[in-house]
Amino acid sequence: MTTVLVVDDESGVRDLLSDALRFAGYETEVASQGREALDIWRLKRIDLCVVDINMPVMDGFEFLETVRKSDVSTPVLLLSARDATEDIARGLRYGADDYVRKPFSVEELLLRVSAILRRTQGVELDVLTYTCGSLILDTDRHEVTFAKELIDLSATEFRLLEMLMSRLNRLVTREQLLRDIWGMDFETETTVVDTYISYLRRKVHRDNFTPITTVRGVGFKMVTPATIE
């Protein structure tokens with residue numbers, strides 16, 4: 001199992017990233033600042049570090065510089081609210097593999113993580129395929145097909161469908177979807193979930209195949225054809 005070390009001094013960001021990465025199939029370790037992260041990195045096998053730049057005690061630049069003195073292979077993805085060109089250049093100069101600005105979407109970060117690991121590991125990652133009737137979602141190819149016909153989905157639509165299909169016949173609440181896909185970890189009146197569910201239904205549903213059901217006032221279920229009422 002691929003292990004990702006998440007380093008951020010904001011507990012909400014740590015929890016959000018850790019939950020999203022675990023849902024995507026990775027093991028995670030977490031740290032609140034650079035020195036704690038170094039202790040974990042030295043003791044455990046870490047395949048990728050996702051590190052915030054602005055942290056107390058030891059910031060992301062210092063962590064990266066220390067790691068690169070003895071390890072040039074473990075990939076590091078930097079996170080920061082900073083957008084200055086010199087900060088990006090500094091991170092890349094110290095040996096960062098990628099740089100993501102805050103605020104970011106969860107699906108964008110997961111795609112960056114996957115791309116880095118494919119580029120650096122030199123081995124094929126675990127392939128996850130989800131099936132619901134004739135609908136197949138292949139995470140390795142990042143493809144969705146129905147009866148072998150390719151369905152064109154946006155990154156957000158793909159992530160939403162993946163979350164529903166990975167929990168087949170189980171309720172997924174609006175709060176879970178907002179947190180894991182849109183990074184909204186708070187009460188909100190947004191209709192973004194319902195809007196994207198509508199988009200998915202238009203692309204996925206067929207005359208005799210309507211697996212995305214609404215649990216009124218709570219959330220949604222992806223149900224197998226045999227269980228559709």
# chains A, B, ... in the order shown; residues from 1 in each chain; ligands from 1
>>> residues_around(residues="Leu17 (chain A)", least_positions_apart="4", cutoff="12 Å", atoms="only C-alpha atoms", output="JSON list (two decimals) with N, CA and C atoms, in the first residue's frame")
[["chain", "number", "residue", "atom", "x", "y", "z"],
["A", 4, "VAL", "N", 1.25, 8.04, 2.14],
["A", 4, "VAL", "CA", 1.44, 9.48, 1.93],
["A", 4, "VAL", "C", 1.52, 10.17, 3.28],
["A", 5, "LEU", "N", 2.56, 10.97, 3.47],
["A", 5, "LEU", "CA", 2.73, 11.76, 4.68],
["A", 5, "LEU", "C", 2.15, 13.15, 4.45],
["A", 6, "VAL", "N", 1.15, 13.52, 5.25],
["A", 6, "VAL", "CA", 0.49, 14.82, 5.15],
["A", 6, "VAL", "C", 1.00, 15.71, 6.29],
["A", 7, "VAL", "N", 1.55, 16.88, 5.93],
["A", 7, "VAL", "CA", 2.13, 17.77, 6.93],
["A", 7, "VAL", "C", 1.49, 19.16, 6.79],
["A", 8, "ASP", "N", 0.72, 19.56, 7.80],
["A", 8, "ASP", "CA", 0.07, 20.88, 7.78],
["A", 8, "ASP", "C", -0.29, 21.25, 9.21],
["A", 10, "GLU", "N", -2.67, 23.19, 10.16],
["A", 10, "GLU", "CA", -4.11, 23.35, 10.32],
["A", 10, "GLU", "C", -4.77, 21.98, 10.39],
["A", 11, "SER", "N", -5.39, 21.69, 11.53],
["A", 11, "SER", "CA", -5.97, 20.36, 11.74],
["A", 11, "SER", "C", -7.06, 20.05, 10.73],
["A", 12, "GLY", "N", -7.85, 21.07, 10.35],
["A", 12, "GLY", "CA", -8.91, 20.84, 9.38],
["A", 12, "GLY", "C", -8.38, 20.41, 8.03],
["A", 13, "VAL", "N", -7.28, 21.02, 7.60],
["A", 13, "VAL", "CA", -6.66, 20.66, 6.32],
["A", 13, "VAL", "C", -6.06, 19.26, 6.40],
["A", 21, "LEU", "N", -7.32, 11.06, 0.89],
["A", 21, "LEU", "CA", -6.28, 10.13, 0.43],
["A", 21, "LEU", "C", -6.61, 8.69, 0.80],
["A", 22, "ARG", "N", -7.12, 8.49, 2.02],
["A", 22, "ARG", "CA", -7.51, 7.13, 2.42],
["A", 22, "ARG", "C", -8.66, 6.63, 1.56],
["A", 23, "PHE", "N", -9.61, 7.50, 1.27],
["A", 23, "PHE", "CA", -10.72, 7.12, 0.40],
["A", 23, "PHE", "C", -10.21, 6.73, -0.99],
["A", 24, "ALA", "N", -9.16, 7.39, -1.44],
["A", 24, "ALA", "CA", -8.58, 7.10, -2.76],
["A", 24, "ALA", "C", -7.70, 5.85, -2.75],
["A", 26, "TYR", "N", -4.99, 5.18, -0.41],
["A", 26, "TYR", "CA", -3.65, 5.33, 0.15],
["A", 26, "TYR", "C", -3.67, 5.18, 1.67],
["A", 27, "GLU", "N", -2.55, 4.73, 2.23],
["A", 27, "GLU", "CA", -2.32, 4.83, 3.66],
["A", 27, "GLU", "C", -1.81, 6.24, 3.95],
["A", 28, "THR", "N", -2.08, 6.76, 5.14],
["A", 28, "THR", "CA", -1.60, 8.10, 5.45],
["A", 28, "THR", "C", -0.93, 8.17, 6.82],
["A", 29, "GLU", "N", 0.04, 9.08, 6.92],
["A", 29, "GLU", "CA", 0.62, 9.50, 8.18],
["A", 29, "GLU", "C", 0.45, 11.01, 8.24],
["A", 30, "VAL", "N", 0.28, 11.57, 9.44],
["A", 30, "VAL", "CA", 0.05, 13.01, 9.54],
["A", 30, "VAL", "C", 1.01, 13.64, 10.54],
["A", 31, "ALA", "N", 1.34, 14.91, 10.29],
["A", 31, "ALA", "CA", 2.19, 15.68, 11.20],
["A", 31, "ALA", "C", 1.76, 17.13, 11.13],
["A", 49, "CYS", "N", 5.33, 12.84, 0.16],
["A", 49, "CYS", "CA", 5.05, 13.83, 1.21],
["A", 49, "CYS", "C", 4.24, 14.98, 0.62],
["A", 50, "VAL", "N", 3.12, 15.32, 1.28],
["A", 50, "VAL", "CA", 2.33, 16.49, 0.92],
["A", 50, "VAL", "C", 2.52, 17.49, 2.05],
["A", 51, "VAL", "N", 3.23, 18.58, 1.78],
["A", 51, "VAL", "CA", 3.74, 19.44, 2.85],
["A", 51, "VAL", "C", 3.35, 20.90, 2.65],
["A", 52, "ASP", "N", 2.74, 21.49, 3.68],
["A", 52, "ASP", "CA", 2.44, 22.92, 3.66],
["A", 52, "ASP", "C", 3.74, 23.71, 3.87],
["A", 79, "LEU", "N", 2.32, 22.61, -0.54],
["A", 79, "LEU", "CA", 1.06, 23.35, -0.48],
["A", 79, "LEU", "C", 1.34, 24.72, 0.11],
["A", 104, "PHE", "N", -7.41, 24.81, -2.79],
["A", 104, "PHE", "CA", -7.36, 23.87, -3.90],
["A", 104, "PHE", "C", -8.55, 22.93, -3.80],
["A", 105, "SER", "N", -8.89, 22.30, -4.92],
["A", 105, "SER", "CA", -9.95, 21.29, -4.90],
["A", 105, "SER", "C", -9.33, 19.94, -4.58],
["A", 106, "VAL", "N", -10.07, 19.12, -3.87],
["A", 106, "VAL", "CA", -9.57, 17.81, -3.47],
["A", 106, "VAL", "C", -9.26, 16.95, -4.69],
["A", 107, "GLU", "N", -10.14, 17.01, -5.71],
["A", 107, "GLU", "CA", -9.90, 16.16, -6.87],
["A", 107, "GLU", "C", -8.65, 16.57, -7.62],
["A", 108, "GLU", "N", -8.35, 17.88, -7.65],
["A", 108, "GLU", "CA", -7.12, 18.33, -8.29],
["A", 108, "GLU", "C", -5.90, 17.78, -7.56],
["A", 109, "LEU", "N", -5.92, 17.87, -6.23],
["A", 109, "LEU", "CA", -4.78, 17.38, -5.47],
["A", 109, "LEU", "C", -4.60, 15.87, -5.66],
["A", 110, "LEU", "N", -5.69, 15.11, -5.66],
["A", 110, "LEU", "CA", -5.59, 13.66, -5.85],
["A", 110, "LEU", "C", -5.03, 13.32, -7.23],
["A", 113, "VAL", "N", -1.31, 13.95, -7.01],
["A", 113, "VAL", "CA", -0.67, 12.87, -6.25],
["A", 113, "VAL", "C", -0.50, 11.64, -7.13],
["A", 179, "ARG", "N", -17.57, 17.56, 1.81],
["A", 179, "ARG", "CA", -16.27, 17.54, 2.47],
["A", 179, "ARG", "C", -15.22, 16.88, 1.59],
["A", 180, "ASP", "N", -15.53, 15.71, 1.03],
["A", 180, "ASP", "CA", -14.51, 14.92, 0.33],
["A", 180, "ASP", "C", -14.27, 15.37, -1.10],
["A", 181, "ILE", "N", -15.25, 15.99, -1.74],
["A", 181, "ILE", "CA", -15.08, 16.37, -3.14],
["A", 181, "ILE", "C", -14.84, 17.87, -3.30],
["A", 182, "TRP", "N", -15.58, 18.67, -2.54],
["A", 182, "TRP", "CA", -15.45, 20.12, -2.69],
["A", 182, "TRP", "C", -14.68, 20.78, -1.56],
["A", 183, "GLY", "N", -14.29, 20.00, -0.54],
["A", 183, "GLY", "CA", -13.51, 20.55, 0.56],
["A", 183, "GLY", "C", -14.28, 21.53, 1.42],
["A", 185, "ASP", "N", -16.01, 21.84, 4.63],
["A", 185, "ASP", "CA", -16.16, 21.15, 5.90],
["A", 185, "ASP", "C", -16.97, 22.02, 6.87]]
>>> residues_around(residues="Val223 (chain A)", least_positions_apart="4", cutoff="10 Å", atoms="only C-alpha atoms", output="VMD selection string")
chain A and resid 132 to 133 164 to 165 167 to 171 210 to 213 227 to 229
>>> write_last_selection(atoms="N, CA and C atoms", output="PDB file, in the first residue's frame")
ATOM      1  N   CYS A 132     -21.399  -1.353 -11.655  1.00  0.00           N
ATOM      2  CA  CYS A 132     -22.820  -1.303 -11.292  1.00  0.00           C
ATOM      3  C   CYS A 132     -23.598  -1.648 -12.557  1.00  0.00           C
ATOM      4  N   GLY A 133     -24.055  -2.889 -12.646  1.00  0.00           N
ATOM      5  CA  GLY A 133     -24.682  -3.339 -13.886  1.00  0.00           C
ATOM      6  C   GLY A 133     -23.691  -3.263 -15.027  1.00  0.00           C
ATOM      7  N   LEU A 164     -19.712   7.459  -5.153  1.00  0.00           N
ATOM      8  CA  LEU A 164     -20.982   6.740  -5.085  1.00  0.00           C
ATOM      9  C   LEU A 164     -20.805   5.252  -5.377  1.00  0.00           C
ATOM     10  N   MET A 165     -20.020   4.928  -6.409  1.00  0.00           N
ATOM     11  CA  MET A 165     -19.851   3.523  -6.800  1.00  0.00           C
ATOM     12  C   MET A 165     -19.006   2.741  -5.801  1.00  0.00           C
ATOM     13  N   ARG A 167     -19.223   3.010  -2.741  1.00  0.00           N
ATOM     14  CA  ARG A 167     -20.101   2.722  -1.596  1.00  0.00           C
ATOM     15  C   ARG A 167     -21.446   2.218  -2.111  1.00  0.00           C
ATOM     16  N   LEU A 168     -21.393   1.292  -3.063  1.00  0.00           N
ATOM     17  CA  LEU A 168     -22.574   0.777  -3.727  1.00  0.00           C
ATOM     18  C   LEU A 168     -23.608   0.284  -2.716  1.00  0.00           C
ATOM     19  N   ASN A 169     -24.851   0.708  -2.936  1.00  0.00           N
ATOM     20  CA  ASN A 169     -25.992   0.333  -2.079  1.00  0.00           C
ATOM     21  C   ASN A 169     -25.902   0.888  -0.663  1.00  0.00           C
ATOM     22  N   ARG A 170     -25.030   1.870  -0.447  1.00  0.00           N
ATOM     23  CA  ARG A 170     -24.916   2.507   0.861  1.00  0.00           C
ATOM     24  C   ARG A 170     -25.166   4.002   0.722  1.00  0.00           C
ATOM     25  N   LEU A 171     -25.748   4.584   1.734  1.00  0.00           N
ATOM     26  CA  LEU A 171     -26.033   6.012   1.733  1.00  0.00           C
ATOM     27  C   LEU A 171     -24.747   6.824   1.789  1.00  0.00           C
ATOM     28  N   THR A 210     -31.313   3.347 -13.937  1.00  0.00           N
ATOM     29  CA  THR A 210     -31.336   4.617 -13.193  1.00  0.00           C
ATOM     30  C   THR A 210     -30.823   4.370 -11.772  1.00  0.00           C
ATOM     31  N   PRO A 211     -29.514   4.120 -11.619  1.00  0.00           N
ATOM     32  CA  PRO A 211     -28.984   3.667 -10.329  1.00  0.00           C
ATOM     33  C   PRO A 211     -28.780   4.749  -9.267  1.00  0.00           C
ATOM     34  N   ILE A 212     -28.724   6.030  -9.663  1.00  0.00           N
ATOM     35  CA  ILE A 212     -28.465   7.087  -8.675  1.00  0.00           C
ATOM     36  C   ILE A 212     -29.794   7.536  -8.081  1.00  0.00           C
ATOM     37  N   THR A 213     -30.025   7.174  -6.829  1.00  0.00           N
ATOM     38  CA  THR A 213     -31.287   7.484  -6.173  1.00  0.00           C
ATOM     39  C   THR A 213     -31.081   8.523  -5.071  1.00  0.00           C
ATOM     40  N   THR A 227     -31.547  -4.097  -7.109  1.00  0.00           N
ATOM     41  CA  THR A 227     -32.110  -3.538  -5.877  1.00  0.00           C
ATOM     42  C   THR A 227     -32.922  -2.274  -6.140  1.00  0.00           C
ATOM     43  N   ILE A 228     -32.993  -1.842  -7.399  1.00  0.00           N
ATOM     44  CA  ILE A 228     -33.755  -0.634  -7.708  1.00  0.00           C
ATOM     45  C   ILE A 228     -35.235  -0.943  -7.628  1.00  0.00           C
ATOM     46  N   GLU A 229     -35.961  -0.147  -6.868  1.00  0.00           N
ATOM     47  CA  GLU A 229     -37.402  -0.376  -6.703  1.00  0.00           C
ATOM     48  C   GLU A 229     -38.182   0.347  -7.806  1.00  0.00           C
TER      49      GLU A 229
END
>>> residues_around(residues="region 57-68 of chain A", least_positions_apart="3", cutoff="8 Å", atoms="only C-alpha atoms", output="ChimeraX atom specification")
/A:33-35,37-38,51-54,71-72,76,78,91,94-96
>>> atom_distance(atom1="CA of Tyr196 (chain A)", atom2="CA of Arg101 (chain A)")
24.4 Å
>>> select_by_dssp(residues="region 75-173 of chain A", states="alpha helix (DSSP H)", output="short mmCIF file (atom, residue, chain, number, x, y, z; two decimals) with C-alpha atoms, in the first residue's frame")
data_model
loop_
_atom_site.label_atom_id
_atom_site.label_comp_id
_atom_site.auth_asym_id
_atom_site.auth_seq_id
_atom_site.Cartn_x
_atom_site.Cartn_y
_atom_site.Cartn_z
CA THR A 85 6.93 33.22 -8.38
CA GLU A 86 10.04 33.24 -6.19
CA ASP A 87 8.39 30.87 -3.69
CA ILE A 88 7.52 28.41 -6.45
CA ALA A 89 11.04 28.67 -7.84
CA ARG A 90 12.53 28.16 -4.38
CA GLY A 91 10.49 25.02 -3.77
CA LEU A 92 11.42 23.53 -7.14
CA ARG A 93 15.07 24.49 -6.59
CA TYR A 94 15.07 22.61 -3.28
CA VAL A 106 -9.57 17.81 -3.47
CA GLU A 107 -9.90 16.16 -6.87
CA GLU A 108 -7.12 18.33 -8.29
CA LEU A 109 -4.78 17.38 -5.47
CA LEU A 110 -5.59 13.66 -5.85
CA LEU A 111 -4.87 13.84 -9.57
CA ARG A 112 -1.52 15.55 -8.83
CA VAL A 113 -0.67 12.87 -6.25
CA SER A 114 -1.51 10.09 -8.69
CA ALA A 115 0.54 11.71 -11.46
CA ILE A 116 3.58 12.15 -9.21
CA LEU A 117 3.48 8.55 -8.03
CA ARG A 118 3.14 7.19 -11.56
CA ARG A 119 6.09 9.30 -12.64
CA THR A 120 8.36 8.49 -9.70
CA GLN A 121 7.56 4.97 -8.61
CA ALA A 155 -12.92 15.58 -13.13
CA THR A 156 -15.55 16.50 -10.54
CA GLU A 157 -18.21 14.28 -12.11
CA PHE A 158 -15.74 11.38 -12.18
CA ARG A 159 -14.83 11.87 -8.52
CA LEU A 160 -18.49 12.07 -7.52
CA LEU A 161 -19.37 8.90 -9.42
CA GLU A 162 -16.33 7.14 -7.96
CA MET A 163 -17.45 8.00 -4.44
CA LEU A 164 -20.98 6.74 -5.09
CA MET A 165 -19.85 3.52 -6.80
CA SER A 166 -17.25 2.74 -4.14
#
